Each structure stands twice: as C-alpha cells, then as structure tokens.
>>> print(open('data01.cif').read())   # mmCIF, C-alpha atoms and all ligand atoms
data_entry
loop_
_atom_site.label_atom_id
_atom_site.label_comp_id
_atom_site.auth_asym_id
_atom_site.auth_seq_id
_atom_site.Cartn_x
_atom_site.Cartn_y
_atom_site.Cartn_z
CA MET A 24 -15.35 10.82 20.68
CA ALA A 25 -11.94 9.23 20.46
CA ILE A 26 -9.77 8.60 23.49
CA VAL A 27 -6.82 10.98 23.28
CA ILE A 28 -3.48 9.19 23.62
CA ASP A 29 -1.49 11.38 25.98
CA GLY A 30 2.07 11.28 24.67
CA LYS A 31 3.26 13.93 27.05
CA ALA A 32 2.23 12.03 30.17
CA LEU A 33 3.57 8.72 28.86
CA ALA A 34 6.86 10.35 27.86
CA ALA A 35 7.26 11.71 31.39
CA LYS A 36 6.70 8.22 32.76
CA CYS A 37 9.22 6.69 30.30
CA LYS A 38 11.84 9.31 31.19
CA GLN A 39 11.31 8.63 34.88
CA GLN A 40 11.93 4.93 34.24
CA VAL A 41 15.11 5.77 32.31
CA ALA A 42 16.31 8.04 35.13
CA CYS A 43 15.72 5.21 37.58
CA GLU A 44 17.72 2.75 35.44
CA VAL A 45 20.52 5.27 34.87
CA LYS A 46 21.06 5.43 38.63
CA LYS A 47 21.80 1.68 38.69
CA LEU A 48 24.59 1.88 36.07
CA SER A 49 28.27 1.77 36.95
CA GLY A 50 28.95 4.88 34.87
CA ARG A 51 27.05 7.89 33.59
CA PRO A 52 25.64 7.57 30.04
CA GLY A 53 26.72 10.28 27.62
CA LEU A 54 25.00 11.60 24.51
CA ALA A 55 26.57 13.84 21.86
CA VAL A 56 24.17 15.81 19.70
CA ILE A 57 25.45 17.41 16.50
CA ILE A 58 23.53 20.11 14.69
CA VAL A 59 24.70 21.46 11.36
CA GLY A 60 23.34 24.80 10.13
CA ASP A 61 20.57 26.90 11.61
CA ASN A 62 17.30 25.15 10.78
CA PRO A 63 14.96 26.57 13.49
CA ALA A 64 13.00 23.32 13.90
CA SER A 65 16.25 21.40 14.39
CA ARG A 66 17.39 23.99 16.95
CA THR A 67 14.17 23.47 18.94
CA TYR A 68 14.57 19.69 18.86
CA VAL A 69 18.19 19.87 19.95
CA ASN A 70 17.39 22.21 22.84
CA SER A 71 14.72 19.85 24.14
CA LYS A 72 17.07 16.88 23.89
CA LYS A 73 19.50 18.67 26.18
CA LYS A 74 16.72 19.17 28.72
CA ASP A 75 15.62 15.53 28.47
CA CYS A 76 19.19 14.40 29.20
CA GLU A 77 19.30 16.53 32.34
CA GLU A 78 16.01 15.03 33.53
CA CYS A 79 17.34 11.49 33.00
CA GLY A 80 20.78 11.95 34.53
CA ILE A 81 22.47 11.61 31.15
CA TYR A 82 25.57 13.66 30.37
CA SER A 83 25.18 15.58 27.11
CA GLU A 84 27.34 17.57 24.77
CA GLU A 85 26.21 19.66 21.87
CA TYR A 86 28.20 20.48 18.75
CA ALA A 87 26.97 23.17 16.37
CA LEU A 88 28.63 23.29 12.97
CA LEU A 89 28.05 25.96 10.36
CA ALA A 90 25.95 25.04 7.33
CA ASN A 91 28.94 25.64 5.07
CA SER A 92 31.36 23.53 7.13
CA PRO A 93 33.24 20.94 5.08
CA GLN A 94 31.69 17.49 5.40
CA GLN A 95 35.12 16.20 6.43
CA GLU A 96 34.93 18.29 9.60
CA LEU A 97 31.69 16.56 10.56
CA LEU A 98 33.10 13.11 9.77
CA GLU A 99 36.20 13.78 11.88
CA LEU A 100 34.07 14.98 14.79
CA ILE A 101 32.02 11.77 14.62
CA GLU A 102 35.22 9.67 14.53
CA LEU A 103 36.48 11.50 17.59
CA LEU A 104 33.22 10.86 19.45
CA ASN A 105 33.26 7.19 18.31
CA GLY A 106 36.52 6.82 20.21
CA ARG A 107 35.41 8.41 23.49
CA ASP A 108 34.37 6.17 26.41
CA ASP A 109 32.29 8.90 28.08
CA ILE A 110 30.08 9.23 24.99
CA ASP A 111 27.68 6.32 24.47
CA GLY A 112 25.37 7.80 21.87
CA ILE A 113 25.89 10.08 18.89
CA LEU A 114 23.00 11.84 17.18
CA VAL A 115 23.34 13.94 14.05
CA GLN A 116 20.21 16.05 13.71
CA LEU A 117 18.56 15.64 10.31
CA PRO A 118 18.02 17.02 7.76
CA LEU A 119 21.58 18.07 6.99
CA PRO A 120 22.12 21.18 4.89
CA LYS A 121 22.53 20.85 1.11
CA GLY A 122 25.89 19.44 0.07
CA PHE A 123 26.14 16.90 2.90
CA GLU A 124 25.86 13.21 2.04
CA GLU A 125 23.47 11.96 4.68
CA GLN A 126 24.15 8.27 4.16
CA LYS A 127 27.90 8.74 4.35
CA VAL A 128 27.54 10.72 7.58
CA LEU A 129 25.24 8.13 9.15
CA LEU A 130 27.61 5.32 8.14
CA THR A 131 30.41 7.00 10.07
CA ILE A 132 28.58 6.73 13.41
CA HIS A 133 29.64 3.52 15.16
CA PRO A 134 26.64 1.12 15.18
CA ASP A 135 27.00 0.71 18.98
CA LYS A 136 26.58 4.49 19.41
CA ASP A 137 23.83 4.87 16.83
CA VAL A 138 21.00 5.90 19.16
CA ASP A 139 18.84 6.96 16.19
CA SER A 140 19.26 3.47 14.73
CA PHE A 141 19.80 4.83 11.22
CA HIS A 142 23.05 2.94 10.48
CA PRO A 143 22.51 0.13 7.92
CA VAL A 144 23.79 -2.41 10.48
CA ASN A 145 21.04 -1.40 12.89
CA VAL A 146 18.44 -1.20 10.11
CA GLY A 147 19.43 -4.76 9.16
CA ARG A 148 19.18 -5.86 12.76
CA LEU A 149 15.68 -4.41 13.02
CA VAL A 150 14.50 -6.10 9.83
CA THR A 151 15.93 -9.49 10.85
CA GLY A 152 14.57 -9.46 14.40
CA GLN A 153 17.90 -8.79 16.14
CA LYS A 154 17.27 -5.22 17.17
CA ARG A 155 19.09 -3.38 19.93
CA PHE A 156 18.17 0.22 19.17
CA VAL A 157 14.81 1.07 17.69
CA PRO A 158 14.33 4.29 15.69
CA CYS A 159 12.88 6.74 18.21
CA THR A 160 9.64 7.80 16.55
CA PRO A 161 8.35 4.33 15.63
CA ALA A 162 9.52 3.06 19.04
CA GLY A 163 7.48 5.83 20.67
CA VAL A 164 4.39 4.84 18.68
CA MET A 165 4.74 1.20 19.78
CA GLU A 166 5.02 2.31 23.42
CA MET A 167 1.83 4.33 23.04
CA LEU A 168 -0.05 1.36 21.61
CA ARG A 169 1.20 -0.84 24.47
CA GLU A 170 0.23 1.70 27.12
CA TYR A 171 -3.34 1.85 25.80
CA ASP A 172 -3.58 -1.96 25.36
CA ILE A 173 -3.83 -1.73 21.60
CA ASP A 174 -2.41 -4.94 20.18
CA PRO A 175 -1.51 -4.79 16.46
CA ALA A 176 -1.73 -8.60 16.19
CA GLY A 177 -4.23 -9.54 13.53
CA LYS A 178 -5.06 -5.90 12.79
CA HIS A 179 -4.71 -4.17 9.47
CA CYS A 180 -2.09 -1.49 10.04
CA VAL A 181 -1.71 1.17 7.37
CA VAL A 182 1.41 3.33 7.40
CA VAL A 183 1.28 6.46 5.24
CA GLY A 184 4.82 7.54 4.37
CA ARG A 185 7.91 5.49 3.57
CA SER A 186 10.82 7.46 5.02
CA ASN A 187 13.85 5.72 6.50
CA ILE A 188 13.25 7.62 9.76
CA VAL A 189 9.60 6.72 10.31
CA GLY A 190 7.59 4.91 7.63
CA LYS A 191 9.84 1.94 6.92
CA PRO A 192 10.86 1.11 10.53
CA MET A 193 7.25 1.72 11.69
CA ALA A 194 6.02 -0.88 9.21
CA MET A 195 8.69 -3.33 10.42
CA LEU A 196 7.72 -2.93 14.09
CA LEU A 197 4.01 -3.38 13.35
CA LEU A 198 4.85 -6.46 11.29
CA GLU A 199 6.96 -7.83 14.13
CA ALA A 200 3.95 -7.29 16.41
CA ASN A 201 1.94 -9.50 14.04
CA GLY A 202 0.01 -6.75 12.29
CA THR A 203 -0.92 -7.04 8.63
CA VAL A 204 0.88 -4.03 7.24
CA THR A 205 0.27 -1.86 4.19
CA ILE A 206 2.63 1.00 3.34
CA CYS A 207 1.19 3.89 1.32
CA HIS A 208 3.08 6.75 -0.29
CA SER A 209 2.80 9.57 -2.79
CA LYS A 210 2.29 7.16 -5.71
CA THR A 211 -0.55 5.24 -4.03
CA PRO A 212 -3.49 5.83 -6.41
CA ASP A 213 -6.38 5.92 -3.92
CA LEU A 214 -5.08 6.72 -0.47
CA GLY A 215 -8.57 6.98 1.05
CA GLU A 216 -9.51 3.52 -0.15
CA VAL A 217 -6.51 1.96 1.62
CA CYS A 218 -6.80 4.09 4.76
CA ARG A 219 -10.45 3.13 5.20
CA GLN A 220 -9.29 -0.47 5.68
CA ALA A 221 -7.02 0.48 8.57
CA ASP A 222 -7.65 -0.68 12.13
CA ILE A 223 -4.47 1.20 13.02
CA LEU A 224 -3.49 4.14 10.83
CA VAL A 225 -0.10 5.83 11.19
CA SER A 226 0.45 8.96 9.13
CA ALA A 227 3.97 10.32 8.69
CA VAL A 228 3.87 12.48 5.60
CA GLY A 229 4.07 16.14 6.60
CA ARG A 230 0.97 17.46 4.84
CA ARG A 231 -1.72 19.22 6.81
CA ASN A 232 -5.25 17.79 6.51
CA LEU A 233 -4.04 14.87 4.39
CA ILE A 234 -6.11 12.47 6.51
CA THR A 235 -9.78 13.43 6.63
CA ALA A 236 -12.72 11.78 8.39
CA ASP A 237 -13.98 10.10 5.20
CA MET A 238 -10.69 8.13 5.09
CA ILE A 239 -11.19 6.62 8.55
CA LYS A 240 -12.96 3.43 9.53
CA ASP A 241 -15.25 3.81 12.56
CA GLY A 242 -13.33 2.89 15.69
CA ALA A 243 -9.86 3.06 14.12
CA VAL A 244 -6.70 3.97 16.02
CA VAL A 245 -5.17 7.07 14.43
CA ILE A 246 -1.53 7.95 15.09
CA ASP A 247 -0.31 11.28 13.73
CA VAL A 248 3.46 11.48 13.45
CA ALA A 249 3.70 14.69 11.43
CA MET A 250 4.69 18.16 12.58
CA ASN A 251 3.28 20.86 10.33
CA ARG A 252 2.25 24.46 10.85
CA ASP A 253 -1.19 25.79 10.00
CA ASP A 254 -1.79 29.22 8.46
CA ALA A 255 -1.64 30.84 11.90
CA GLY A 256 1.73 29.18 12.56
CA LYS A 257 0.26 26.71 15.04
CA LEU A 258 1.64 23.15 15.18
CA CYS A 259 -0.53 20.52 13.55
CA GLY A 260 -0.15 17.05 12.08
CA ASP A 261 -1.37 15.27 8.94
CA VAL A 262 -4.75 14.45 10.44
CA ASP A 263 -7.80 16.72 10.38
CA TYR A 264 -8.08 16.31 14.13
CA ALA A 265 -11.48 17.93 14.73
CA THR A 266 -13.42 15.65 12.38
CA VAL A 267 -11.32 12.49 12.66
CA SER A 268 -11.48 12.47 16.46
CA SER A 269 -15.25 12.08 16.34
CA LYS A 270 -14.91 8.90 14.29
CA ALA A 271 -11.77 7.21 15.63
CA ALA A 272 -11.56 5.18 18.85
CA TYR A 273 -8.10 6.52 19.72
CA ILE A 274 -6.17 9.49 18.39
CA THR A 275 -2.85 11.19 19.10
CA PRO A 276 -2.84 14.99 19.35
CA VAL A 277 -0.25 17.30 17.76
CA PRO A 278 1.48 18.65 19.77
CA GLY A 279 1.55 16.41 22.85
CA GLY A 280 1.36 13.08 21.05
CA VAL A 281 4.16 11.33 19.24
CA GLY A 282 6.71 14.17 19.57
CA PRO A 283 7.41 13.83 23.31
CA MET A 284 7.55 10.05 22.92
CA THR A 285 10.24 10.33 20.23
CA ARG A 286 12.38 12.28 22.67
CA ALA A 287 11.76 9.81 25.50
CA MET A 288 12.81 6.91 23.27
CA LEU A 289 16.09 8.68 22.53
CA MET A 290 16.78 8.63 26.26
CA LYS A 291 15.92 4.93 26.35
CA ASN A 292 18.28 4.21 23.43
CA THR A 293 21.05 6.15 25.16
CA LEU A 294 20.54 3.98 28.24
CA THR A 295 20.76 0.89 25.99
CA ALA A 296 23.98 2.25 24.45
CA ALA A 297 25.50 2.74 27.91
CA ARG A 298 24.65 -0.88 28.74
CA ILE A 299 26.20 -2.07 25.47
CA HIS A 300 29.35 -0.21 26.55
CA GLY A 301 29.40 -2.10 29.86
CA LYS A 302 28.24 0.70 32.13
N1 LIG B 1 14.98 14.82 12.30
C1 LIG B 1 13.66 14.52 12.44
N2 LIG B 1 13.51 13.43 13.22
C2 LIG B 1 14.74 13.04 13.59
C3 LIG B 1 15.22 11.97 14.39
O1 LIG B 1 14.49 11.14 14.92
N3 LIG B 1 16.57 11.92 14.53
C4 LIG B 1 17.41 12.80 13.94
N4 LIG B 1 18.71 12.64 14.13
N5 LIG B 1 17.00 13.79 13.19
C5 LIG B 1 15.67 13.91 13.02
#
>>> encode(input="data01.cif", output="structure tokens", more="lines below")
Ligand code: GUN
Amino acid sequence: MAIVIDGKALAAKCKQQVACEVKKLSGRPGLAVIIVGDNPASRTYVNSKKKDCEECGIYSEEYALLANSPQQELLELIELLNGRDDIDGILVQLPLPKGFEEQKVLLTIHPDKDVDSFHPVNVGRLVTGQKRFVPCTPAGVMEMLREYDIDPAGKHCVVVGRSNIVGKPMAMLLLEANGTVTICHSKTPDLGEVCRQADILVSAVGRRNLITADMIKDGAVVIDVAMNRDDAGKLCGDVDYATVSSKAAYITPVPGGVGPMTRAMLMKNTLTAARIHGK
C-alpha cells in the first residue's frame, strides 16, 4: 500500500513557519483577494484564503465584483491596489466570468504583487531560473516531494495537463529539480503508455478516474492535483485512488493532499511579496 502524503499536516506546518516569519517583519503583510461573479467553488477558495491569512498574521481584504461588472472596473481596482503600500499581494480568483480577458487582467497586476505568479514577467523569471514567486499549486507539490524525501533528479516525471496555472509551471519546477519531464495533454495518443514510464506522475486535468492502476508503474509517486466531484457530490481527483494506491509507493489524497498546500504556498508568496516591498 502506498504511503499517503499528508498535505493537510504539511500545510499546517508551512503556515506555522510563515506566521513565525511574519512576526519578524517590520510591517504587516497585506493580501487583496478579488472574486468576480458567484462561482461556488471560487467562493469556497476565497473564504479559506481569508482564514489562512488570519492564521498567518497577514492582513487581508476581499473584493467581490458582480459577474456583469465592466472589465474596466476590475482593472481600476487592481491599479488602485497596485498603488497601496499596505497591500503586498493581489490575487484575482480564476476563472473569470465570460467576457473578461484573463490575460489583460493578469497583466495589470504589478509583478511585485503577483502572488499567483501568473504575470508574464514572473512566468519568464520562472522559466529562466530567476524566480521570486512560484505558482502556488506546483510550489505545493514540490514542498510535498521535499518533505517525503522524494528527489526528482534523474527520475522520469510525467505531468498530465498543460495549463498555465499548473501543468506548465509544474513541468518547469520538475525540470529545474533535474527531472526528465514529459508533458501529456488531451492530444497525447496513448496516455497510459506514457504514464507507465513515470517515476513521478502529476495529474492536473480535472477528469475523474482518468488515471487508473494499469497506467501506473509499480512504486511510482502519484500526485493528484485535480478537484472533481463524484456522482454523490464527494470531492475526488483524477486518480482512481482505491486501485492506484495499492500499486504506487506514494500517493496524495483528494481532499487533504495538494489543495491545502496550494493555500499554504499563497501565504508563503505573500510573505515574499512583503519582503520585496521592504517590510
Ligand atoms: N483558480 C484555481 N486555482 C487558482 C489559483 O491558484 N489562483 C487563482 N487566482 N485562481 C485559481
């Protein structure tokens, strides 16, 4: 049976470390979270971010805009927050409702306040080995690997999914850690064939039971980034947990795996932002 990577416990430890570092700063870090529309999943995420900030001693503000707000209103709000010294990080919860130009919105966030690390300047920094912020979900995965002494160096790492939020930066971080990286996506002809070669498999697609036991090499490390719902409405990932966990050496559960780590890494990035701003 696979060792279960406990994201919840590790996230608590990471947040404690952030809280400890926050106390040493000359000023309190501040995070602004913007939510547009009423996507229930986004609402849940945003609520938990508020709680995380409280735990870490980080000041937080939340802005809720209506789904039919003009994009200009959102851009002006971001500009306003860019100019405030008490706000170190700005996060716009994605996905944005239809009609919003995501790239234009993300470009408006000042790169020094881009705690999601989605601005092209920060993406470029990551790719060229000059990173300051690391996108939260892939950063959380790397922390989990470190905590369990899993070194990607020399391993075949297969990332399923190529999103800007997870797949692409995940591949970059594994590459930086000297893994041999393959990225798979919806046009990959034989997903199972590639996945079976993985020493470390990261799935970030959003399709329940996409990864089955026959696609796993014995003793692989399986990281499930997805958040889906099963027919009963229960949270689940991409991985068929029951069967895969009997074949893998390590596995992350959903919930209680990557999710809490993503949130903890946002706190860490906000701490980094405060330091960049001289606090
Ligand atoms: N939506 C899903 N994941 C994320 C994330 O990491 N950051 C933001 N801003 N929105 C998201």
>>> closest_residue(input="data01.cif", among="A:Arg169, A:Lys210, A:Lys36, A:Lys72", to="ligand LIG 1 (chain B)", atoms="only C-alpha atoms and all ligand atoms")
A:Lys72
>>> residues_near_ligand(input="data01.cif", ligand="ligand LIG 1 (chain B)", cutoff="8 Å", atoms="all atoms listed in the file", output="list in words")
Ser65, Leu114, Val115, Gln116, Leu117, Pro118, Asp139, Pro158, Cys159, Thr160, Ile188 and Thr285 of chain A
>>> residues_around(input="data01.cif", residues="Asp137 in chain A", least_positions_apart="3", cutoff="12 Å", atoms="only C-alpha atoms", output="PyMOL selection string")
chain A and resi 54-56+101+104-105+110-115+128-134+140-146+155-159+289+292-297+299
>>> atom_distance(input="data01.cif", atom1="CA of Glu44 in chain A", atom2="CA of Arg298 in chain A")
10.3 Å
>>> closest_residue(input="data01.cif", among="A:Asp247, A:Asp263, A:Glu102, A:Glu78", to="Met167 in chain A", atoms="all atoms listed in the file")
A:Asp247
>>> atom_distance(input="data01.cif", atom1="CA of Gly177 in chain A", atom2="CA of Ala227 in chain A")
22.0 Å
>>> closest_atom_pairs(input="data01.cif", of="range 123-204 of chain A", to="range 273-281 of chain A", cutoff="10 Å", atoms="only C-alpha atoms", output="JSON lines")
{"residue": "A:Cys159", "atom": "CA", "partner": "A:Val281", "partner_atom": "CA", "distance": 9.9}
{"residue": "A:Thr160", "atom": "CA", "partner": "A:Val281", "partner_atom": "CA", "distance": 7.1}
{"residue": "A:Pro161", "atom": "CA", "partner": "A:Val281", "partner_atom": "CA", "distance": 8.9}
{"residue": "A:Ala162", "atom": "CA", "partner": "A:Val281", "partner_atom": "CA", "distance": 9.9}
{"residue": "A:Gly163", "atom": "CA", "partner": "A:Val281", "partner_atom": "CA", "distance": 6.6}
{"residue": "A:Val164", "atom": "CA", "partner": "A:Val281", "partner_atom": "CA", "distance": 6.5}
{"residue": "A:Glu166", "atom": "CA", "partner": "A:Val281", "partner_atom": "CA", "distance": 10.0}
{"residue": "A:Met167", "atom": "CA", "partner": "A:Val281", "partner_atom": "CA", "distance": 8.3}
{"residue": "A:Leu168", "atom": "CA", "partner": "A:Tyr273", "partner_atom": "CA", "distance": 9.7}
{"residue": "A:Tyr171", "atom": "CA", "partner": "A:Tyr273", "partner_atom": "CA", "distance": 9.0}
{"residue": "A:Ile173", "atom": "CA", "partner": "A:Tyr273", "partner_atom": "CA", "distance": 9.5}
>>> residues_around(input="data01.cif", residues="Leu89 in chain A", least_positions_apart="4", cutoff="8 Å", atoms="all atoms listed in the file", output="list of chain:residue names")
A:Val59, A:Gly60, A:Asp61
>>> atom_distance(input="data01.cif", atom1="CA of Ser226 in chain A", atom2="CA of Asn201 in chain A")
19.2 Å
>>> residues_around(input="data01.cif", residues="Ile223 in chain A", least_positions_apart="3", cutoff="8 Å", atoms="all atoms listed in the file", output="PyMOL selection string")
chain A and resi 175+178-181+243-246
>>> residues_around(input="data01.cif", residues="Asn232 in chain A", least_positions_apart="2", cutoff="9 Å", atoms="all atoms listed in the file", output="list in words")
Arg230, Ile234, Thr235, Cys259, Gly260, Asp261, Val262, Asp263 and Tyr264 of chain A
>>> closest_residue(input="data01.cif", among="A:Val228, A:Ala176, A:Ala236, A:Met290", to="Val204 in chain A", atoms="all atoms listed in the file")
A:Ala176
>>> closest_residue(input="data01.cif", among="A:Cys79, A:Ala255, A:Ile26, A:Val69", to="Gln40 in chain A", atoms="all atoms listed in the file")
A:Cys79
